[in-house]
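Undergrad: Quick one: this structure, given as structure tokens, is what I'll be asking you about.
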Amino acid sequence: MFVLSFLLRRLAQGVLIILLVIFIIFTLLRVVPGDPARLIVGGMAPDAVVAEKAQELGLDRPIPVQFAAYLRDLVTGDFGRSFVRPKSGASFGGSAFDDQTRQERASVLDLILDTLPMTLQLAGVAIAMALAVALPLGTLGGLHPGRWPDKLALVIGSVFVSTPNFWLGIILTLFLSVKLKLLPAIGYRGFSYTLLPAIVLAVELVPFILRTLTVSVAQVMREDFIRLAPVRGLSRARTVLVHALGNSAVPLVNLLGVQLGMLLGGVVIVEFIFDYPGLGLLTINAVLQRDFPLIQGIAVFIAVMFVLINILVDLIAMSIDPRLEY
Amino acid sequence: MAAPGPADPPPASLLAVENLHVRLERGGRTRPILDGVSLALARREVLALVGEAGSGKSVLARAIVNAVPPPLRVAAGRVLFEGKDVLALGERALKSVRGNRIGFIGANPMGSLDPRLAIGEQIVHKLRSVQPGLSRAEARERVLAMMARVALPSPAARFHEAPFQFSGGMMQRVMIVDALVSEPALVIADNITQPLDVTVAAQIIRLIDSLRESLGTAFLFISSSLPVVAQIAERALVLQEGRVVEEGRVAAIAAAPREAYTRMLVARIPPIWKGVAPLPKVEGAPVLEVANAVRTYVVRRRGTFNAKNQVKAVRDVSFAVRAGENFGLVGESGCGKSTLTRLLAWLERPDGGRIAFLGRDLAALGAAEFKAMRRTFQLLLQDPYGSLPANMPVQRMIEEPLRIHGHGSADAARLAQAAMAEVGLEPELATSLPVGLSAGQRQRINIARALVLKPRLLILDETLSALDQVEQAELLELFLRLQAEHGFSYIFISHDLALVRRVCHRIAVMYLGRIVELADNATLFEAPRHPYTRALLSAMPTLEANRFPREEYLLDGEPPSPIDLPRGCAFRSRCPRAAADCAATDPRLAPFADGNAAACLHPHGGDAPARTPEAADGR
Amino acid sequence: MAETGAAAAVRPAPRGATPSRRMLRLAVSRADFRIGLAGFLLLVAIALLLPLVSPINPTKIAYQVKLLPPFPAEGWQWPHVLGTDQLGRDVFMRCLVGLRYSLLIGITTVLLMFVVGSALGLYAGFRGGWADAVIMRLTDAQLSIPMIILAITILGVSRPTVPAIILVLGLSGWPLYARVVRAVALGERTRGYVLGERVLGASDWRIMLLFVAPAILPPIAFVAVLDVARMMIYEAILGFLGLGVQPPTPTFGNVIADARKYLLNAWWIATMPGLFLLVTLTCLNLMGSALERARNAVLQGEA
């Protein structure tokens with residue numbers, strides 16, 4: 001019963017947030033220079049054709065009307081169609097304005113759903129790698145503040161967080177892929193193509209996990225119930241594994257919710273570097289091609305994911321710590 | 001003079017600490033924390049250890065189970081428990097002692113268990129880790145049985161609740177279960193009543209007393225207060241700066257302390273009944289009038305989308321404070337005195353009723369008029385550390401109220417310097433920041449900040465409770481001097497009945513948002529009419545004989561939630577005198593012939609109220 | 001024991017420092033802070049001064065010295081310690097110019113974020129109610145569009161200039177500050193010194209500006225230091241995508257993007273600017289995390 005009411009509240013809030021996002025993106029894309037209708041028909045088209053196209057797409061209507069129409073379509077699950085992408089394949093180019101293939105434009109939602117699994121795979125592998133490094137090191141650092149594991153965590157965190165992801169991608173491609181031929185790098189022809197991009201993403205994630213974990217473990221270790229544990233007859237191992245880590249898990253899970261934006265930002269860059277066919281690459285190409293419906297659709301989709309993942313994060317946090325069920 | 005006293009060690013000694021030295025070692029420097037402590041404890045005995053903060057008593061408690069944390073280190077000595085030296089045991093052997101043969105209860109019940117996990121499971125885990133042979137089911141049985149013995153209501157359900165779902169008093173019972181469930185021979189109880197309200201603390205003491213008799217457990221009972229240990233222990237050790245300075249029977253120490261330190265400890269304990277001179281009545285014009293004040297908070301009900309609960313924090317409170325009077329407001333946590341304080345200081349507005357100052361209803365004042373009126377009543381807060389802005393020099397801080405009220409800076413500086421002198425702050429402090437000032441000096445700054453506005457009434461919200469005895473006495477003296485010079489009125493909001501006994505002319509006792517008794521000092525302490533007042537007094541730890549014996553007056557249980565109050569009299573669920581009519585009628589505060597008042601249908605003392613309590617329920 | 005309270009009051013109180021000053025002092029006493037500060041100041045000084053006095057022009061094409069390797073490698077030439085690129089331009093000097101832009105954009109952006117975010121967060125946290133709800137929903141919305149994606153989108157469809165970059169990054173970064181400041185201000189609202197001011201009759205604005213802001217802003221300054229580093233990375237990313245300061249002005253991003261083509265035969269053109277940036281940012285991050293740790297230590301000491 002409690003969970004249901006919680007979900008209701010959060011979903012109501014989420015809808016509000018998503019509406020705001022749509023409004024922000026919609027307005028932004030319409031106040032910046034660049035005529036979408038001309039983009040679709042091509043630079044060579046006569047003005048009359050551009051005007052006709054604009055009318056066909058409804059781009060000549062007042063912005064509030066367009067906004068309402070867009071919202072109405074979204075409610076029915078229609079994210080619109082890409083301006084530039086044909087239904088088949090991801091090719092694009094500046095062909096003539098009367099090219100008939102332009103009529104068959106791809107659905108935004110299809111484009112997103114096609115690339116999403118790739119990105120989820122990449123993010124999942126990256127998070128797993130980051131946890132494998134940061135979990136043990138961060139815990140040790142928190143258990144021994146000021147000693148070598150803590151210092152190591154601090155140095156690794158500082159260096160990793162200072163590493164530009166695109167540069168690291170290039171350097172790793174050069175050394176691991178081109179020179180040492182350990183891992184494939186560019187494009188995607190199998191799971192091994194996920195590893196190199198995932199390493200770059202993991203390097204971006206590790207510092208945040210390390211920082212959260214060392215601070216929260218060190219903080220929990222100062223709590224009375226931890227100090228009392230040996231007097232009550234509990235073993236050190238149990239105290240650390242169950243009580244210290246258990247209580248540090250909540251900030252860690254929350255971190256995932258907060259840093260989701262950063263993770264997605266990283267995904268965009270990394271996919272671009274490695275030409276990895278995921279949502280990030282789709283985003284960058286959409287921006288570079290001024291494919292407004294696609295940009296809009298991706299932004300809305302990310303916002304929805306963001307809301308849902310944050311609700312999930314809160315539910316997980318509550319199941320770890322019942323105090324959070326306010 | 002490490003082990004003084006001719007007290008012969010009891011024959012069958014359970015625990016013997018011999019010449020124990022513990023040192024603090026940090027950065028190449030060492031400082032003694034325990035300096036040759038010796039003590040002996042027999043089976044089934046309750047031995048008290050009394051000492052102020054910093055005397056080393058908690059370190060001693062941990063040393064007995066060989067668990068002093070670094071940078072502390074045991075430098076010398078032996079701790080013989082059941083014939084073995086605990087300090088020489090290895091990890092494995094220690095496991096059979098710590099938490100098993102020796103139980104431990106600490107001063108922070110709410111923080112003693114993992115806040116996320118069910119208390120029952122945590123105790124089962126502890127029991128099985130100290131007694132590995134025990135099956136899960138057996139351990140569970142034992143925990144549930146012990147929960148029933150400490151009178152935790154509905155043990156089977158509470159077994160699955162996490163610490164935050166318990167009150168402090170209930171959680172301390174859980175920790176008693178945790179300590180006793182392994183059937184230890186000795187339990188170390190370190191300051192266990194310190195965070196609890198006075199009646200709850202008295203209940204805990206009563207519980208421990210009955211349990212140790214039926215279970216035959218010995219207790220090392222550690223406290224900073226001699227009256228507290230006098231309630232339960234036969235014999236006491238007095239610890240000062242890591243040394244045992246006096247040892248003997250509690251009654252003997254209380255009656256005739258031998259050492260200077262112990263004499264001072266005993267002398268500081270204020271008398272409640274014995275030789276207390278009654279305060280004269282004050283007959284001034286009323287400064288503050290509160291009439292039927294009500295404050296209700298609306299909170300969202302847990303687990304619902306939009307349903308609300310009403311928390312009735314202050315219910316129909318009326319009283320008046322006269323010019324030059326000290327008015328006391330007492331009650332336990334959750335009684336509504338903090339909310340009432342915020343109402344009186346006009347930090348919050350009442351939902352109903354009227355608060356009038358110098359005859360003018362505060363709610364009816366315009367913004368400018370109110371700001372002018374603001375000067376005349378001031379609040380002094382409990383926490384002297386958080387209540388001052390950290391970045392401001394002392395004199396500037398005292399000028400602040402004057403600047404707010406539009407004084408020029410030269411004028412403000414002059415008045416601030418005068419106020420500093422009046423409250424006893426050295427002029428050299430004018431330019432220093434509050435960091436490093438003592439609690440007493442900080443409270444003096446607060447007093448000066450209020451004083452420059454020339455107020456008529458000062459509300460003291462636990463203002464003295466963060467101070468040590470010496471500072472407390474000095475500030476009290478300052479308050480009374482200022483009262484004599486400026487004719488201030490004071491409202492003392494306090495949980496400290498001894499303080500209220502000493503300075504307040506009239507006292508109001510609050511329970512669940514309502515004043516249940518309002519009486520002059522002598523009546524309230526010597527012949528109170530409301531059963532709750534008597535319960536409060538009976539729960540006070542005293543060295544002198546308590547006029548209100550616990551067997552007769554102490555309450556069971558805890559106050560009901562202010563969300564769903566019982567119908568009729570809110571106190572009837574705990575009241576020993578409750579009768580059938582109490583369920584029907586909610587008694588209002590009604591005056592007696594002597595001018596004092598109580599909200600009770602069956603008051604002590606036999607006389608009926610001057611007016612029949614109205615049958616209307618006060619909601 | 002004979003010492004009375006009067007004597008205690010006469011004793012001069014130690015002239016203590018404010019928590020912020022204690023925090024700073026503690027940070028300065030840490031080795032990581034000193035290393036970071038020294039390294040950062042050195043690099044900034046070189047970046048600001050060296051291009052003024054050096055005869056080398058970072059944008060001048062000189063084919064006769066093209067593709068020189070960096071210092072220890074075979075065939076390097078003084079003064080090109082980090083080598084030269086395909087057009088014979090000095091890599092080190094291009095790094096220095098890049099660092100100038102990077103610092104300009106990083107620092108200004110953080111100032112903008114800090115001012116806007118803290119002001120809104122302070123107001124939301126301290127006043128509560130409607131203002132709080134509106135501001136918080138706004139931050140929610142903006143946080144759910146990843147900052148870098150927002151920046152790419154806006155700069156991708158408009159023209160990237162230095163002010164545009166600063167504005168876009170700054171305006172997409174304010175929500176984090178608003179949240180942090182709001183959380184602290186919310187806690188501060190019930191603190192004794194705030195209640196004390198209220199009782200004395202001070203207005204909300206007076207309390208907020210005179211007391212709450214000075215108390216809560218310095219302790220979160222470490223976030224700003226860490227964020228300067230983050231913004232410098234974002235600036236580089238934008239440059240790399242062609243959405244930053246445009247060539248021929250060298251920035252870390254556009255230099256590395258350009259050098260990608262020559263990666264196989266002249267690895268240093270892409271590697272050196274990245275390393276240079278990494279070292280600079282590590283210095284900044286060491287300072288930032290030292291400040292954070294000092295702050296935690298001070299807060300715990302007080303608790």
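In the structure tokens, each chain is lettered A, B, ... as it comes, each chain's residues begin at 1, and ligands are numbered from 1 in order of appearance.
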At a cut-off of 9 Å, using only C-alpha atoms, what residues contact region 230-245 of chain B? Leave out same-chain residues fewer than 5 positions from it and give the result as an MDAnalysis selection string.

TA: chainID B and resid 1:4 21:22 32:39 45:52 54:57 60 202 205:206 208:209 219:221 225 250:251 253:254 259 261:262 541:543

Undergrad: Starting from chain C, keep only residues with some atom at most 8 Å from an atom of chain A, counting only C-alpha atoms, and report them as JSON, numbers by chain.

TA: {"C": [137, 138, 140, 141, 142, 143, 144, 145, 146, 147, 148, 149, 152, 153, 154, 156, 157, 158, 229, 230, 233, 236, 237, 240, 256, 260, 263, 264, 270, 271, 274, 277, 278, 279, 281, 282, 285, 286, 289]}

Undergrad: Once you have the residues from the selection above, write them out as a PDB file, in the first residue's frame, restricted to C-alpha atoms.

TA:
```
ATOM      1  CA  ARG C 137      11.163  21.109 -10.134  1.00  0.00           C
ATOM      2  CA  LEU C 138      13.185  23.280 -12.495  1.00  0.00           C
ATOM      3  CA  ASP C 140      14.849  18.264 -11.674  1.00  0.00           C
ATOM      4  CA  ALA C 141      13.909  19.009 -15.235  1.00  0.00           C
ATOM      5  CA  GLN C 142      17.271  20.408 -16.112  1.00  0.00           C
ATOM      6  CA  LEU C 143      19.183  17.622 -14.403  1.00  0.00           C
ATOM      7  CA  SER C 144      17.252  15.073 -16.397  1.00  0.00           C
ATOM      8  CA  ILE C 145      18.757  16.428 -19.602  1.00  0.00           C
ATOM      9  CA  PRO C 146      22.443  15.563 -19.321  1.00  0.00           C
ATOM     10  CA  MET C 147      24.404  18.794 -19.254  1.00  0.00           C
ATOM     11  CA  ILE C 148      26.800  17.912 -22.028  1.00  0.00           C
ATOM     12  CA  ILE C 149      23.950  16.820 -24.281  1.00  0.00           C
ATOM     13  CA  ILE C 152      25.990  20.060 -27.586  1.00  0.00           C
ATOM     14  CA  THR C 153      22.421  20.574 -28.695  1.00  0.00           C
ATOM     15  CA  ILE C 154      22.387  24.322 -28.197  1.00  0.00           C
ATOM     16  CA  GLY C 156      25.318  22.456 -32.354  1.00  0.00           C
ATOM     17  CA  VAL C 157      22.338  24.299 -33.724  1.00  0.00           C
ATOM     18  CA  SER C 158      23.698  27.780 -33.080  1.00  0.00           C
ATOM     19  CA  ALA C 229      38.223  21.134 -13.609  1.00  0.00           C
ATOM     20  CA  ARG C 230      34.993  19.562 -14.844  1.00  0.00           C
ATOM     21  CA  ILE C 233      36.993  19.034 -19.575  1.00  0.00           C
ATOM     22  CA  ALA C 236      37.698  20.377 -24.343  1.00  0.00           C
ATOM     23  CA  ILE C 237      34.884  18.003 -25.298  1.00  0.00           C
ATOM     24  CA  PHE C 240      36.757  18.155 -29.856  1.00  0.00           C
ATOM     25  CA  ILE C 256      43.298  16.789 -30.324  1.00  0.00           C
ATOM     26  CA  ARG C 260      43.546  12.317 -34.696  1.00  0.00           C
ATOM     27  CA  LEU C 263      47.800   9.523 -34.722  1.00  0.00           C
ATOM     28  CA  LEU C 264      49.678   6.645 -36.315  1.00  0.00           C
ATOM     29  CA  ALA C 270      47.216  14.274 -29.771  1.00  0.00           C
ATOM     30  CA  THR C 271      48.852  12.787 -26.687  1.00  0.00           C
ATOM     31  CA  GLY C 274      45.795  15.600 -23.359  1.00  0.00           C
ATOM     32  CA  LEU C 277      45.393  19.016 -19.580  1.00  0.00           C
ATOM     33  CA  LEU C 278      45.416  15.923 -17.367  1.00  0.00           C
ATOM     34  CA  VAL C 279      48.279  17.262 -15.270  1.00  0.00           C
ATOM     35  CA  LEU C 281      43.312  19.141 -13.875  1.00  0.00           C
ATOM     36  CA  THR C 282      44.925  16.690 -11.474  1.00  0.00           C
ATOM     37  CA  ASN C 285      41.322  18.144  -8.322  1.00  0.00           C
ATOM     38  CA  LEU C 286      43.932  17.500  -5.648  1.00  0.00           C
ATOM     39  CA  SER C 289      39.458  17.099  -2.724  1.00  0.00           C
TER      40      SER C 289
END
```

Undergrad: Closest to Pro531 (chain B) among B:Ala252, B:Ala508, B:Ala578, B:Val500, using only C-alpha atoms?

TA: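 Looking at the shortest contact to Pro531 (chain B), the residue is B:Ala578.
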
Undergrad: Per residue of chain B within 8 Å of chain C, what are the shortest atom pair and its distance in Å to one decimal, counting only C-alpha atoms, with rows by chain and residue number, as a Markdown table?

TA:
```
| residue | atom | partner | partner_atom | distance |
| --- | --- | --- | --- | --- |
| B:Ala345 | CA | C:Val199 | CA | 6.8 |
| B:Trp346 | CA | C:Val199 | CA | 7.9 |
| B:Leu347 | CA | C:Val199 | CA | 7.2 |
| B:Lys371 | CA | C:Gly201 | CA | 6.2 |
| B:Arg374 | CA | C:Gly201 | CA | 6.2 |
| B:Arg375 | CA | C:Leu200 | CA | 7.0 |
| B:Gln378 | CA | C:Val199 | CA | 6.4 |
| B:Leu379 | CA | C:Val199 | CA | 6.5 |
| B:Leu380 | CA | C:Gly196 | CA | 7.7 |
| B:Leu381 | CA | C:Gly192 | CA | 7.0 |
| B:Asp383 | CA | C:Gly192 | CA | 7.1 |
| B:Gly386 | CA | C:Gly192 | CA | 5.1 |
| B:Ser387 | CA | C:Gly192 | CA | 3.9 |
| B:Leu388 | CA | C:Tyr193 | CA | 4.9 |
| B:Pro389 | CA | C:Tyr193 | CA | 5.6 |
| B:Ala390 | CA | C:Thr18 | CA | 5.9 |
| B:Asn391 | CA | C:Thr18 | CA | 5.7 |
| B:Pro401 | CA | C:Leu200 | CA | 5.6 |
| B:Ile404 | CA | C:Ala202 | CA | 5.9 |
| B:His405 | CA | C:Gly201 | CA | 7.6 |
| B:Gly424 | CA | C:Ala9 | CA | 7.7 |
| B:Leu425 | CA | C:Ala9 | CA | 7.2 |
| B:Glu426 | CA | C:Val10 | CA | 6.7 |
| B:Glu428 | CA | C:Pro12 | CA | 7.7 |
| B:Leu429 | CA | C:Ala13 | CA | 7.3 |
| B:Ser432 | CA | C:Arg15 | CA | 5.8 |
| B:Leu433 | CA | C:Gly16 | CA | 6.4 |
| B:Pro434 | CA | C:Gly16 | CA | 7.4 |
| B:Val435 | CA | C:Gly16 | CA | 4.9 |
| B:Gly436 | CA | C:Gly16 | CA | 5.6 |
| B:Leu437 | CA | C:Ala13 | CA | 5.8 |
| B:Gln441 | CA | C:Ala9 | CA | 7.2 |
| B:Ala450 | CA | C:Leu200 | CA | 7.4 |
| B:Val470 | CA | C:Gly5 | CA | 6.5 |
| B:Glu471 | CA | C:Gly5 | CA | 6.4 |
| B:Glu474 | CA | C:Gly5 | CA | 7.0 |
```

Undergrad: What lies within 9 Å of Leu201 (chain A) using only C-alpha atoms, ignoring chain neighbours under 6 positions off, as JSON, numbers by chain?

TA: {"A": [122, 123, 126, 127, 130, 165, 263, 266, 267, 270]}

Undergrad: Quick one: residues within 6 Å of region 172-181 of chain B, only C-alpha atoms, excluding same-chain residues fewer than 6 positions away - as a ChimeraX atom specification?

TA: /B:103-104,109,123,146

Undergrad: Counting only C-alpha atoms, give me one row per residue of chain B with an atom at most 7 Å from an atom of chain A, showing the shortest contact pair and its distance in Å to one decimal, sorted by chain then residue number, as a tab-separated table.

TA:
```
residue	atom	partner	partner_atom	distance
B:Val65	CA	A:Val231	CA	6.8
B:Ala67	CA	A:Val231	CA	6.6
B:Lys95	CA	A:Gly233	CA	6.0
B:Arg98	CA	A:Gly233	CA	5.0
B:Gly99	CA	A:Arg232	CA	4.2
B:Gly103	CA	A:Arg232	CA	6.9
B:Phe104	CA	A:Arg232	CA	6.6
B:Gly111	CA	A:Asp224	CA	5.6
B:Ser112	CA	A:Phe225	CA	4.2
B:Leu113	CA	A:Phe225	CA	5.0
B:Asp114	CA	A:Phe225	CA	6.1
B:Arg116	CA	A:Asp321	CA	4.8
B:Lys126	CA	A:Leu234	CA	6.1
B:Ser129	CA	A:Leu234	CA	6.5
B:Val130	CA	A:Gly233	CA	6.1
B:Phe164	CA	A:Arg323	CA	6.9
B:Arg302	CA	A:Tyr326	CA	6.6
B:Gly303	CA	A:Phe2	CA	3.9
B:Thr304	CA	A:Ser5	CA	5.5
B:Phe305	CA	A:Ser5	CA	4.9
```

Undergrad: Would you output that residue set with C-alpha atoms, as a PDB file, in the first residue's frame?

TA:
```
ATOM      1  CA  VAL B  65      36.015  -6.473  27.969  1.00  0.00           C
ATOM      2  CA  ALA B  67      38.032  -3.448  23.811  1.00  0.00           C
ATOM      3  CA  LYS B  95      34.432 -14.350  21.983  1.00  0.00           C
ATOM      4  CA  ARG B  98      32.360 -10.373  25.293  1.00  0.00           C
ATOM      5  CA  GLY B  99      28.672 -10.181  24.654  1.00  0.00           C
ATOM      6  CA  GLY B 103      26.769  -7.953  28.538  1.00  0.00           C
ATOM      7  CA  PHE B 104      26.940  -4.249  27.739  1.00  0.00           C
ATOM      8  CA  GLY B 111      22.421   4.379  17.950  1.00  0.00           C
ATOM      9  CA  SER B 112      23.355   1.035  19.440  1.00  0.00           C
ATOM     10  CA  LEU B 113      22.029  -1.190  16.667  1.00  0.00           C
ATOM     11  CA  ASP B 114      22.195  -0.998  12.889  1.00  0.00           C
ATOM     12  CA  ARG B 116      18.370  -0.393   8.937  1.00  0.00           C
ATOM     13  CA  LYS B 126      24.642 -11.555  18.188  1.00  0.00           C
ATOM     14  CA  SER B 129      27.813 -15.492  17.192  1.00  0.00           C
ATOM     15  CA  VAL B 130      28.636 -15.694  20.911  1.00  0.00           C
ATOM     16  CA  PHE B 164      13.805   4.054  14.406  1.00  0.00           C
ATOM     17  CA  ARG B 302       2.418   7.578   5.997  1.00  0.00           C
ATOM     18  CA  GLY B 303       1.474   5.214   3.213  1.00  0.00           C
ATOM     19  CA  THR B 304      -1.279   7.356   1.783  1.00  0.00           C
ATOM     20  CA  PHE B 305      -1.369   9.615  -1.229  1.00  0.00           C
TER      21      PHE B 305
END
```

Undergrad: Would you mind listing what lies within 9 Å of Leu238 (chain C) as a list in words, with only C-alpha atoms counted and same-chain residues fewer than 4 positions away left out?

TA: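 So the residues in contact are Ile148, Ala151, Ile152, Leu155, Ile165, Ile233, Tyr234, Gly242, Leu243, Gly244, Val245, Gly253 and Asn254 of chain C.
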
Undergrad: Pick out the residues sitting within 9 Å of Arg26 (chain B), and hand them over as an MDAnalysis selection string; count only C-alpha atoms, and ignore anything fewer than 5 positions along from it in its own chain.

TA: chainID B and resid 31 71:72

Undergrad: As an exercise, work out the distance from CA of Val187 (chain B) to CA of Ala201 (chain B) in Å and give it to one decimal place.

TA: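 These two atoms are separated by 17.6 Å.
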
Undergrad: Pick out the residues sitting within 10 Å of Leu217 (chain C), and hand them over as an NGL selection string; count only C-alpha atoms, and ignore anything fewer than 3 positions along from it in its own chain.

TA: :C and (20 or 114 or 118 or 122 or 181 or 184-185 or 212-214 or 220-222)

Undergrad: In region 23-181 of chain B, what's helix (DSSP H, G or I) per DSSP? Answer as an MDAnalysis selection string?

TA: chainID B and resid 57:64 86:88 91:95 109:111 119:130 136:149 155:158 163:165 168:180

Undergrad: Please report the interatomic distance between CA of Val311 (chain B) and CA of Leu340 (chain B) in Å with one decimal.

TA: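 Between CA of Val311 (chain B) and CA of Leu340 (chain B) the gap works out to 13.7 Å.
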
Undergrad: Work out how far CA of Ala53 (chain B) is from CA of Phe479 (chain B), in Å to one decimal.

TA: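 Value for the CA of Phe479 (chain B)-CA of Ala53 (chain B) distance: 26.8 Å.
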